[in-house]
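What follows is the content of entry-v3.cif (mmCIF, C-alpha atoms and all ligand atoms).
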```
data_input
#
loop_
_atom_site.label_atom_id
_atom_site.label_comp_id
_atom_site.auth_asym_id
_atom_site.auth_seq_id
_atom_site.Cartn_x
_atom_site.Cartn_y
_atom_site.Cartn_z
CA MET A 224 0.00 0.00 0.00
CA SER A 225 2.72 2.47 0.97
CA ALA A 226 6.39 1.81 0.19
CA PHE A 227 7.38 4.48 2.73
CA ARG A 228 5.41 2.74 5.48
CA ASP A 229 7.09 -0.58 4.65
CA GLN A 230 10.46 1.12 4.92
CA LEU A 231 9.62 2.78 8.25
CA VAL A 232 8.54 -0.57 9.64
CA SER A 233 11.39 -2.66 8.24
CA GLU A 234 13.94 -0.10 9.51
CA GLY A 235 12.34 -0.23 12.96
CA LEU A 236 11.18 3.40 13.20
CA LEU A 237 7.52 2.49 13.66
CA HIS A 238 6.19 -0.78 15.08
CA PRO A 239 2.74 -1.88 13.83
CA ALA A 240 0.68 -2.43 16.97
CA GLY A 241 -2.23 -4.60 15.90
CA ALA A 242 -4.52 -2.22 13.98
CA ASP A 243 -4.10 0.01 10.94
CA GLY A 244 -2.88 3.46 11.95
CA ILE A 245 -1.80 2.33 15.45
CA TYR A 246 1.97 2.23 15.96
CA GLY A 247 4.57 1.87 18.62
CA ARG A 248 7.15 4.61 18.23
CA SER A 249 10.85 3.74 18.36
CA GLU A 250 13.39 5.71 20.36
CA ARG A 251 14.72 7.22 17.11
CA PHE A 252 11.24 8.32 16.04
CA GLU A 253 10.45 9.78 19.47
CA ALA A 254 13.71 11.74 19.56
CA ILE A 255 12.52 13.61 16.45
CA VAL A 256 9.00 14.16 17.84
CA GLU A 257 10.51 15.56 21.02
CA ALA A 258 12.91 17.81 19.11
CA LEU A 259 10.02 19.22 17.05
CA ASP A 260 7.95 19.79 20.17
CA ASN A 261 10.88 21.68 21.73
CA ALA A 262 11.42 23.67 18.54
CA VAL A 263 7.79 24.88 18.69
CA SER A 264 8.46 25.95 22.29
CA ARG A 265 11.53 27.90 21.19
CA MET A 266 9.54 29.60 18.42
CA SER A 267 7.12 30.98 20.97
CA VAL A 268 9.48 32.05 23.74
CA GLY A 269 8.24 35.39 25.05
CA ASP A 270 4.69 34.91 23.77
CA GLY A 271 3.50 34.45 27.32
CA SER A 272 1.35 31.40 26.72
CA GLU A 273 -0.08 29.36 29.58
CA ARG A 274 1.09 25.75 29.34
CA LEU A 275 -1.71 23.23 29.90
CA ARG A 276 -1.77 19.47 29.45
CA PHE A 277 -4.96 17.39 29.42
CA PRO A 278 -5.47 13.62 29.18
CA PRO A 279 -6.73 12.43 25.77
CA ALA A 280 -10.39 12.30 26.79
CA ILE A 281 -13.13 14.92 26.70
CA PRO A 282 -16.73 14.89 27.91
CA ARG A 283 -18.87 13.26 25.22
CA GLU A 284 -21.01 16.38 25.43
CA THR A 285 -18.17 18.37 23.84
CA LEU A 286 -18.62 16.40 20.61
CA GLU A 287 -22.33 17.31 20.63
CA ARG A 288 -21.90 20.98 21.45
CA THR A 289 -19.09 21.64 18.99
CA LYS A 290 -21.12 19.97 16.20
CA TYR A 291 -18.34 17.42 15.70
CA MET A 292 -21.02 14.72 15.35
CA GLN A 293 -22.69 16.73 12.56
CA ASN A 294 -19.47 17.44 10.71
CA PHE A 295 -17.11 14.51 11.32
CA PRO A 296 -19.12 11.59 12.79
CA GLN A 297 -16.91 9.18 10.84
CA LEU A 298 -13.80 10.31 12.76
CA ALA A 299 -15.18 10.38 16.32
CA GLY A 300 -14.51 7.80 19.02
CA ALA A 301 -16.47 7.38 22.26
CA ILE A 302 -15.53 5.33 25.33
CA HIS A 303 -17.67 2.38 26.44
CA CYS A 304 -17.26 0.51 29.71
CA PHE A 305 -18.67 -2.53 31.47
CA CYS A 306 -21.06 -1.44 34.20
CA GLY A 307 -23.11 -4.60 34.72
CA ASP A 308 -23.68 -7.01 37.61
CA GLU A 309 -22.31 -10.54 37.98
CA ARG A 310 -24.98 -11.99 35.73
CA ALA A 311 -24.13 -9.53 32.99
CA HIS A 312 -20.45 -10.34 33.54
CA ARG A 313 -21.14 -14.05 32.95
CA GLN A 314 -22.94 -13.18 29.71
CA LEU A 315 -20.02 -11.02 28.65
CA LEU A 316 -17.52 -13.82 29.25
CA GLN A 317 -19.74 -16.28 27.42
CA CYS A 318 -19.81 -13.95 24.44
CA ILE A 319 -16.02 -13.79 24.42
CA GLU A 320 -15.80 -17.58 24.67
CA THR A 321 -18.13 -18.17 21.75
CA GLY A 322 -16.52 -15.44 19.66
CA GLU A 323 -19.62 -13.24 19.65
CA ASP A 324 -19.57 -9.46 19.69
CA TRP A 325 -19.22 -8.65 23.41
CA SER A 326 -19.55 -4.90 22.95
CA GLN A 327 -23.33 -5.32 23.44
CA HIS A 328 -22.51 -5.74 27.15
CA LEU A 329 -20.79 -2.38 27.39
CA SER A 330 -22.50 0.91 28.22
CA SER A 331 -21.47 4.31 27.00
CA SER A 332 -19.42 6.34 29.45
CA GLU A 333 -19.59 10.12 29.67
CA LEU A 334 -16.25 10.32 27.83
CA ALA A 335 -15.09 10.52 24.23
CA LEU A 336 -11.56 10.48 22.83
CA THR A 337 -9.99 13.87 22.23
CA ALA A 338 -10.38 14.83 18.57
CA ALA A 339 -8.34 18.05 18.72
CA ALA A 340 -5.97 19.19 21.44
CA CYS A 341 -7.60 22.60 21.93
CA TYR A 342 -11.11 21.40 22.88
CA PRO A 343 -10.60 21.44 26.68
CA VAL A 344 -9.21 24.99 26.62
CA TYR A 345 -12.40 26.93 25.82
CA PRO A 346 -14.60 25.81 28.74
CA LEU A 347 -11.68 26.29 31.13
CA MET A 348 -11.09 29.86 29.98
CA ALA A 349 -14.82 30.66 29.86
CA ALA A 350 -15.14 29.63 33.50
CA ARG A 351 -12.53 32.23 34.49
CA GLY A 352 -14.79 35.10 33.43
CA PRO A 353 -14.27 37.90 30.87
CA LEU A 354 -10.97 37.85 28.97
CA PRO A 355 -8.32 40.45 29.80
CA ALA A 356 -7.98 43.26 27.22
CA GLU A 357 -4.90 41.60 25.67
CA GLY A 358 -6.77 38.29 25.38
CA LEU A 359 -5.28 34.92 26.31
CA LEU A 360 -2.86 32.44 24.81
CA ALA A 361 -2.73 28.78 25.81
CA ASP A 362 -0.29 26.04 24.87
CA VAL A 363 -1.56 22.45 24.70
CA MET A 364 -0.31 19.11 23.45
CA SER A 365 -2.43 16.00 23.37
CA TRP A 366 -2.78 12.60 21.85
CA CYS A 367 -5.74 12.86 19.48
CA PHE A 368 -7.94 10.14 18.03
CA ARG A 369 -9.45 10.01 14.56
CA HIS A 370 -11.18 6.87 13.34
CA GLU A 371 -9.50 6.77 9.95
CA PRO A 372 -7.71 3.41 9.84
CA SER A 373 -5.22 3.53 6.98
CA LEU A 374 -2.02 1.96 5.75
CA HIS A 375 -0.69 5.38 4.83
CA PRO A 376 1.72 6.29 7.61
CA THR A 377 0.57 9.93 7.56
CA ARG A 378 -2.97 8.93 8.50
CA MET A 379 -2.79 7.51 12.00
CA GLN A 380 -5.65 6.77 14.37
CA PHE A 381 -3.73 8.16 17.36
CA PHE A 382 -1.25 11.00 16.96
CA ARG A 383 -0.02 14.08 18.83
CA MET A 384 -1.08 17.61 18.18
CA ARG A 385 0.82 20.55 19.66
CA GLU A 386 -1.39 23.61 19.64
CA LYS A 387 -1.30 27.29 20.43
CA VAL A 388 -4.77 28.60 21.22
CA ARG A 389 -5.64 32.31 21.12
CA LEU A 390 -8.72 33.90 22.66
CA GLY A 391 -9.49 37.58 22.12
CA GLN A 392 -10.74 40.09 19.55
CA ALA A 393 -11.02 39.17 15.86
CA GLY A 394 -7.98 41.32 15.02
CA GLN A 395 -5.87 39.61 17.68
CA ILE A 396 -6.78 36.21 16.26
CA GLU A 397 -5.85 37.30 12.72
CA THR A 398 -2.49 38.66 13.86
CA PHE A 399 -1.81 35.48 15.82
CA ARG A 400 -2.68 33.32 12.83
CA GLU A 401 -0.54 35.32 10.40
CA THR A 402 2.41 35.30 12.80
CA TRP A 403 2.21 31.52 13.08
CA MET A 404 1.83 30.97 9.34
CA ASP A 405 5.05 32.95 8.83
CA ARG A 406 6.80 31.10 11.65
CA ALA A 407 5.71 27.70 10.33
CA LEU A 408 6.82 28.45 6.76
CA ASP A 409 10.20 29.75 7.95
CA PHE A 410 10.61 26.71 10.17
CA ALA A 411 9.77 24.29 7.34
CA LYS A 412 12.24 26.10 5.11
CA ALA A 413 14.96 25.95 7.76
CA LEU A 414 14.26 22.22 8.05
CA GLY A 415 14.76 21.81 4.30
CA LEU A 416 11.15 20.75 3.71
CA PRO A 417 9.23 21.74 0.56
CA ALA A 418 6.19 23.31 2.22
CA GLU A 419 3.43 25.62 1.10
CA ILE A 420 0.39 27.12 2.75
CA ASP A 421 -3.02 26.67 1.18
CA ASP A 422 -6.74 26.73 1.99
CA ALA A 423 -7.82 23.64 3.88
CA ASN A 424 -10.14 20.99 2.55
CA ASP A 425 -11.63 19.17 5.56
CA PRO A 426 -13.50 15.86 5.13
CA PHE A 427 -16.94 17.14 6.24
CA PHE A 428 -19.42 14.27 6.29
CA GLY A 429 -22.21 13.57 3.82
CA ARG A 430 -23.95 15.70 1.23
CA ALA A 431 -24.29 18.72 3.54
CA GLY A 432 -20.51 18.41 3.98
CA LYS A 433 -19.84 19.97 0.60
CA VAL A 434 -21.57 23.18 1.68
CA MET A 435 -19.54 23.21 4.91
CA ALA A 436 -16.29 22.67 3.01
CA ASP A 437 -17.12 25.47 0.53
CA SER A 438 -18.01 27.82 3.36
CA GLN A 439 -14.78 26.96 5.22
CA ARG A 440 -12.80 27.90 2.11
CA ASN A 441 -14.82 31.02 1.24
CA GLN A 442 -14.59 32.42 4.75
CA ARG A 443 -10.88 31.54 4.93
CA LEU A 444 -11.45 29.77 8.24
CA LYS A 445 -8.57 27.36 7.91
CA PHE A 446 -5.17 27.22 6.22
CA GLU A 447 -2.76 24.31 6.15
CA LEU A 448 0.98 23.84 5.86
CA LEU A 449 1.23 21.18 3.15
CA ILE A 450 4.26 18.96 2.62
CA PRO A 451 4.60 16.02 0.20
CA ILE A 452 5.43 12.88 2.22
CA THR A 453 4.51 9.73 0.33
CA ASP A 454 4.58 9.15 -3.41
CA GLU A 455 1.06 7.72 -3.43
CA THR A 456 -0.76 10.69 -1.90
CA PRO A 457 -0.87 14.47 -2.50
CA PRO A 458 0.93 16.76 0.00
CA VAL A 459 -0.50 16.40 3.52
CA ALA A 460 -1.34 18.94 6.21
CA CYS A 461 1.47 19.04 8.75
CA ALA A 462 0.08 22.07 10.58
CA SER A 463 -3.17 23.99 10.44
CA PHE A 464 -4.17 27.56 11.21
CA ASN A 465 -7.75 28.17 12.26
CA HIS A 466 -9.95 31.18 12.94
CA HIS A 467 -13.14 29.93 14.60
CA HIS A 468 -14.72 33.41 14.88
CA ASP A 469 -17.19 33.08 17.79
CA HIS A 470 -18.05 29.39 17.21
CA PHE A 471 -16.34 28.04 20.37
CA ALA A 472 -16.89 31.26 22.33
CA ALA A 473 -20.66 30.99 21.78
CA ILE A 474 -20.74 27.35 22.89
CA TRP A 475 -18.85 27.94 26.14
CA GLY A 476 -19.63 31.62 26.78
CA VAL A 477 -16.17 33.10 26.31
CA LYS A 478 -16.73 36.87 26.67
CA ASP A 479 -14.56 39.94 26.29
CA GLN A 480 -14.49 42.80 28.80
CA ASP A 481 -17.62 44.42 27.34
CA GLY A 482 -19.56 41.19 27.70
CA ALA A 483 -19.54 40.51 23.94
CA LEU A 484 -18.64 37.08 22.58
CA ALA A 485 -14.92 36.71 22.01
CA ASN A 486 -13.22 35.19 18.97
CA THR A 487 -10.88 32.20 19.09
CA GLY A 488 -8.26 30.67 16.86
CA CYS A 489 -5.73 27.88 17.06
CA VAL A 490 -2.59 26.68 15.35
CA GLY A 491 -1.95 22.93 15.45
CA PHE A 492 1.28 21.11 14.56
CA GLY A 493 0.97 17.42 13.70
CA LEU A 494 4.09 16.09 15.41
CA GLU A 495 4.05 12.67 13.72
CA ARG A 496 3.47 14.10 10.25
CA LEU A 497 6.33 16.60 10.65
CA THR A 498 8.54 13.74 11.83
CA LEU A 499 7.54 11.69 8.79
CA ALA A 500 8.25 14.65 6.50
CA LEU A 501 11.80 14.92 7.89
CA LEU A 502 12.36 11.17 7.51
CA ARG A 503 11.05 11.27 3.97
CA TRP A 504 13.18 14.23 2.84
CA HIS A 505 16.41 13.62 4.75
CA GLY A 506 16.52 9.85 5.20
CA LEU A 507 15.69 7.41 7.94
CA ASN A 508 18.80 8.06 10.01
CA SER A 509 18.67 11.46 11.70
CA ASP A 510 22.42 11.29 12.48
CA ASP A 511 23.04 11.69 8.75
CA TRP A 512 20.75 14.69 8.22
CA PRO A 513 22.27 17.97 6.94
CA LEU A 514 23.98 19.87 9.74
CA GLN A 515 21.78 22.96 9.34
CA VAL A 516 18.66 20.79 9.75
CA ARG A 517 20.06 19.09 12.85
CA ALA A 518 20.97 22.49 14.26
CA GLN A 519 17.33 23.57 14.06
CA LEU A 520 16.22 20.52 16.00
CA TRP A 521 19.10 19.94 18.39
CA PRO A 522 20.67 23.40 18.91
P1 LIG B 601 -6.40 16.00 7.14
O1 LIG B 601 -7.09 17.05 6.27
O2 LIG B 601 -5.12 15.50 6.53
O3 LIG B 601 -7.32 14.91 7.57
P2 LIG B 601 -6.94 17.80 9.25
O4 LIG B 601 -6.98 19.07 8.45
O5 LIG B 601 -8.25 17.15 9.54
O6 LIG B 601 -5.97 16.76 8.50
P3 LIG B 601 -6.59 19.09 11.75
O7 LIG B 601 -7.90 18.75 12.27
O8 LIG B 601 -6.37 20.47 11.28
O9 LIG B 601 -6.18 18.05 10.60
O10 LIG B 601 -5.47 18.66 12.78
C1 LIG B 601 -4.26 19.40 13.03
C2 LIG B 601 -3.04 18.65 12.57
O11 LIG B 601 -3.05 17.31 13.08
C3 LIG B 601 -2.99 18.47 11.05
O12 LIG B 601 -2.44 19.60 10.43
C4 LIG B 601 -2.09 17.25 10.93
O13 LIG B 601 -0.73 17.61 10.96
C5 LIG B 601 -2.41 16.43 12.16
N1 LIG B 601 -3.28 15.30 11.82
C6 LIG B 601 -4.60 15.33 11.52
N2 LIG B 601 -5.08 14.11 11.25
C7 LIG B 601 -4.03 13.25 11.39
C8 LIG B 601 -3.86 11.82 11.28
N3 LIG B 601 -4.89 11.04 10.97
N4 LIG B 601 -2.64 11.30 11.50
C9 LIG B 601 -1.59 12.09 11.84
N5 LIG B 601 -1.68 13.43 11.97
C10 LIG B 601 -2.88 14.01 11.75
ZN ZN B 602 -7.48 23.61 17.66
#
```
Kindly return the structure encoded in the file as structure tokens.
Ligand code: ATP
Ligand code: ZN
Amino acid sequence: MSAFRDQLVSEGLLHPAGADGIYGRSERFEAIVEALDNAVSRMSVGDGSERLRFPPAIPRETLERTKYMQNFPQLAGAIHCFCGDERAHRQLLQCIETGEDWSQHLSSSELALTAAACYPVYPLMAARGPLPAEGLLADVMSWCFRHEPSLHPTRMQFFRMREKVRLGQAGQIETFRETWMDRALDFAKALGLPAEIDDANDPFFGRAGKVMADSQRNQRLKFELLIPITDETPPVACASFNHHHDHFAAIWGVKDQDGALANTGCVGFGLERLTLALLRWHGLNSDDWPLQVRAQLWP
């Protein structure tokens, strides 16, 4: 399916872990992920962001309120648990023994898997009251889940997203987004990666999805940093730059000092995809990468 994936696996960078798009990461792979994560930190020194880390689960309600289930039901994952009594437990074990589907004995929990790292930020900030005049900036990193099993190494089911999240006035969000598009392009260039920024094309679900995708493009809601990684697929998004206007603010009640709804935006770096881009363009052994590329990652 993907020659690059076969190479990554045979060279021991990624270890298939039982399902398509689920991998164990080798030490060599993780060293690059960590270096990229640190490089993003260095890019934003002095920005004054608040560092926050959440576990990779969100209240299921978040998927309802954000309209994720309208737009991307095919990508969502919810957590189910066994909550039965001993009789139900016996039935569950019997199902397993006879090879039947035992998920019928599970009940839905109040949790879903995190789909994007920034989701927990908005309710937290809303609960603190009106934003300060200069707005707020948060820094998050989370494992994210997308149910898109694939043999293409760039399309994983679990991956890490490092995000900067800005809350404030529309103009502050635009400035933030433009700053990060410049930073990301410069960074890609310094890493020797052939990158370009373009309008995003998200996989909105169903027939209504086409309207959503057109509107996303027309309103310039999302841009992506695109880099070619495998020969079989077009360039993939390695970072994205979003202006949500008051979408999240309206859901959670994020207000500015005058009591009006705030705007929000986020910039997300796909740490695995950036790692794969480096491996693709500079070879599978990071010790042999050009010195100027290594200097960017391990200064
Ligand atoms: P795509 O259009 O390729 O599905 P996306 O636009 O849906 O990606 P975002 O929701 O913007 O992605 O997520 C932010 C970043 O997370 C992306 O720019 C990308 O680098 C990374 N990412 C998204 N989906 C995956 C995935 N399945 N595997 C690895 N990284 C991913
Ligand atoms: Zn986000």
Excluding segment 452-460 of chain A and residues on its chain fewer than 2 positions from it, collect all residues at most 10 Å away from it, counting all atoms listed in the file, and give them as a PDB file with C-alpha atoms, keeping the file's coordinate frame.
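Ended up saving to result30.pdb:
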```pdb
ATOM      1  CA  MET A 224       0.000   0.000   0.000  1.00  0.00           C
ATOM      2  CA  SER A 225       2.720   2.470   0.970  1.00  0.00           C
ATOM      3  CA  ALA A 226       6.390   1.810   0.190  1.00  0.00           C
ATOM      4  CA  PHE A 227       7.380   4.480   2.730  1.00  0.00           C
ATOM      5  CA  ARG A 228       5.410   2.740   5.480  1.00  0.00           C
ATOM      6  CA  HIS A 375      -0.690   5.380   4.830  1.00  0.00           C
ATOM      7  CA  PRO A 376       1.720   6.290   7.610  1.00  0.00           C
ATOM      8  CA  THR A 377       0.570   9.930   7.560  1.00  0.00           C
ATOM      9  CA  ARG A 378      -2.970   8.930   8.500  1.00  0.00           C
ATOM     10  CA  LEU A 416      11.150  20.750   3.710  1.00  0.00           C
ATOM     11  CA  PRO A 417       9.230  21.740   0.560  1.00  0.00           C
ATOM     12  CA  ALA A 418       6.190  23.310   2.220  1.00  0.00           C
ATOM     13  CA  GLU A 419       3.430  25.620   1.100  1.00  0.00           C
ATOM     14  CA  ILE A 420       0.390  27.120   2.750  1.00  0.00           C
ATOM     15  CA  ASP A 421      -3.020  26.670   1.180  1.00  0.00           C
ATOM     16  CA  ALA A 423      -7.820  23.640   3.880  1.00  0.00           C
ATOM     17  CA  ASN A 424     -10.140  20.990   2.550  1.00  0.00           C
ATOM     18  CA  PHE A 446      -5.170  27.220   6.220  1.00  0.00           C
ATOM     19  CA  GLU A 447      -2.760  24.310   6.150  1.00  0.00           C
ATOM     20  CA  LEU A 448       0.980  23.840   5.860  1.00  0.00           C
ATOM     21  CA  LEU A 449       1.230  21.180   3.150  1.00  0.00           C
ATOM     22  CA  ILE A 450       4.260  18.960   2.620  1.00  0.00           C
ATOM     23  CA  ALA A 462       0.080  22.070  10.580  1.00  0.00           C
ATOM     24  CA  SER A 463      -3.170  23.990  10.440  1.00  0.00           C
ATOM     25  CA  PHE A 492       1.280  21.110  14.560  1.00  0.00           C
ATOM     26  CA  GLY A 493       0.970  17.420  13.700  1.00  0.00           C
ATOM     27  CA  ARG A 496       3.470  14.100  10.250  1.00  0.00           C
ATOM     28  CA  LEU A 497       6.330  16.600  10.650  1.00  0.00           C
ATOM     29  CA  LEU A 499       7.540  11.690   8.790  1.00  0.00           C
ATOM     30  CA  ALA A 500       8.250  14.650   6.500  1.00  0.00           C
ATOM     31  CA  LEU A 501      11.800  14.920   7.890  1.00  0.00           C
ATOM     32  CA  LEU A 502      12.360  11.170   7.510  1.00  0.00           C
ATOM     33  CA  ARG A 503      11.050  11.270   3.970  1.00  0.00           C
ATOM     34  CA  TRP A 504      13.180  14.230   2.840  1.00  0.00           C
TER      35      TRP A 504
END
```
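Atom CA of Ala407 of chain A lies 18.2 Å from atom CA of Gln395 of chain A.
Going from atom CA of Arg406 of chain A to atom CA of Val344 of chain A covers 22.8 Å.
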Env of Trp475 of chain A: 10 Å cut, atoms = all atoms listed in the file, seq-sep filter 2 positions within chain, self excluded. Answer as number ranges by chain. A: 285, 288-289, 345-350, 469-473, 477-478, 484
State, in Å with one decimal place, the distance from atom CA of Leu414 of chain A to atom CA of Arg369 of chain A.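 For atom CA of Leu414 of chain A relative to atom CA of Arg369 of chain A, the distance reads 27.5 Å.
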Give the answer as one residue: which of A:Asn294, A:Cys304, A:Gln392, A:His370 has the shortest atom-to-atom distance to Lys433 of chain A, using all atoms listed in the file? A:Asn294
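Distances from A:Phe305, A:Phe464, A:Trp325, A:Phe252 to ligand LIG 601 (chain B) were compared using all atoms listed in the file, and the smallest one belongs to A:Phe464.
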With distances taken over only C-alpha atoms, the candidate from A:His468, A:Arg383, A:His328, A:Arg265 nearest Arg313 of chain A is A:His328
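Of the residues listed (A:Met379, A:Ala436, A:Leu494, A:Ala356), A:Ala356 shows the shortest atom-to-atom separation from Gln480 of chain A; distances use all atoms listed in the file.
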Is it possible to add N, CA and C atoms to segment 291-318 of chain A and hand it back as a tab-separated table (two decimals), in the coordinates of the input?
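Contents of selection_9.tsv, freshly written:
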```tsv
chain	number	residue	atom	x	y	z
A	291	TYR	N	-19.26	18.40	16.30
A	291	TYR	CA	-18.34	17.42	15.70
A	291	TYR	C	-19.13	16.24	15.13
A	292	MET	N	-20.22	15.87	15.83
A	292	MET	CA	-21.02	14.72	15.35
A	292	MET	C	-21.80	15.05	14.08
A	293	GLN	N	-22.06	16.35	13.84
A	293	GLN	CA	-22.69	16.73	12.56
A	293	GLN	C	-21.65	16.69	11.44
A	294	ASN	N	-20.46	17.20	11.76
A	294	ASN	CA	-19.47	17.44	10.71
A	294	ASN	C	-18.53	16.27	10.43
A	295	PHE	N	-18.10	15.59	11.51
A	295	PHE	CA	-17.11	14.51	11.32
A	295	PHE	C	-17.49	13.25	12.12
A	296	PRO	N	-18.73	12.76	12.00
A	296	PRO	CA	-19.12	11.59	12.79
A	296	PRO	C	-18.23	10.39	12.49
A	297	GLN	N	-17.72	10.34	11.26
A	297	GLN	CA	-16.91	9.18	10.84
A	297	GLN	C	-15.55	9.14	11.53
A	298	LEU	N	-15.13	10.26	12.13
A	298	LEU	CA	-13.80	10.31	12.76
A	298	LEU	C	-13.86	10.17	14.28
A	299	ALA	N	-15.05	10.31	14.85
A	299	ALA	CA	-15.18	10.38	16.32
A	299	ALA	C	-15.02	9.01	16.97
A	300	GLY	N	-14.60	9.03	18.22
A	300	GLY	CA	-14.51	7.80	19.02
A	300	GLY	C	-15.04	8.08	20.42
A	301	ALA	N	-15.92	7.19	20.92
A	301	ALA	CA	-16.47	7.38	22.26
A	301	ALA	C	-16.06	6.18	23.12
A	302	ILE	N	-16.00	6.39	24.43
A	302	ILE	CA	-15.53	5.33	25.33
A	302	ILE	C	-16.70	4.58	25.94
A	303	HIS	N	-16.64	3.25	25.86
A	303	HIS	CA	-17.67	2.38	26.44
A	303	HIS	C	-17.05	1.50	27.52
A	304	CYS	N	-17.79	1.27	28.58
A	304	CYS	CA	-17.26	0.51	29.71
A	304	CYS	C	-18.28	-0.52	30.17
A	305	PHE	N	-17.76	-1.53	30.89
A	305	PHE	CA	-18.67	-2.53	31.47
A	305	PHE	C	-19.18	-2.01	32.81
A	306	CYS	N	-20.49	-1.96	32.96
A	306	CYS	CA	-21.06	-1.44	34.20
A	306	CYS	C	-22.09	-2.41	34.78
A	307	GLY	N	-22.06	-3.67	34.33
A	307	GLY	CA	-23.11	-4.60	34.72
A	307	GLY	C	-22.87	-5.33	36.04
A	308	ASP	N	-23.82	-6.20	36.39
A	308	ASP	CA	-23.68	-7.01	37.61
A	308	ASP	C	-23.00	-8.34	37.26
A	309	GLU	N	-23.02	-9.27	38.20
A	309	GLU	CA	-22.31	-10.54	37.98
A	309	GLU	C	-22.96	-11.35	36.86
A	310	ARG	N	-24.28	-11.24	36.78
A	310	ARG	CA	-24.98	-11.99	35.73
A	310	ARG	C	-24.57	-11.46	34.34
A	311	ALA	N	-24.55	-10.16	34.26
A	311	ALA	CA	-24.13	-9.53	32.99
A	311	ALA	C	-22.67	-9.88	32.68
A	312	HIS	N	-21.86	-9.98	33.73
A	312	HIS	CA	-20.45	-10.34	33.54
A	312	HIS	C	-20.34	-11.76	32.95
A	313	ARG	N	-21.18	-12.68	33.49
A	313	ARG	CA	-21.14	-14.05	32.95
A	313	ARG	C	-21.52	-14.06	31.48
A	314	GLN	N	-22.51	-13.24	31.12
A	314	GLN	CA	-22.94	-13.18	29.71
A	314	GLN	C	-21.81	-12.62	28.84
A	315	LEU	N	-21.14	-11.63	29.38
A	315	LEU	CA	-20.02	-11.02	28.65
A	315	LEU	C	-18.95	-12.07	28.37
A	316	LEU	N	-18.58	-12.83	29.42
A	316	LEU	CA	-17.52	-13.82	29.25
A	316	LEU	C	-17.95	-14.92	28.28
A	317	GLN	N	-19.24	-15.24	28.33
A	317	GLN	CA	-19.74	-16.28	27.42
A	317	GLN	C	-19.61	-15.79	25.96
A	318	CYS	N	-19.94	-14.55	25.77
A	318	CYS	CA	-19.81	-13.95	24.44
A	318	CYS	C	-18.38	-14.06	23.94
```
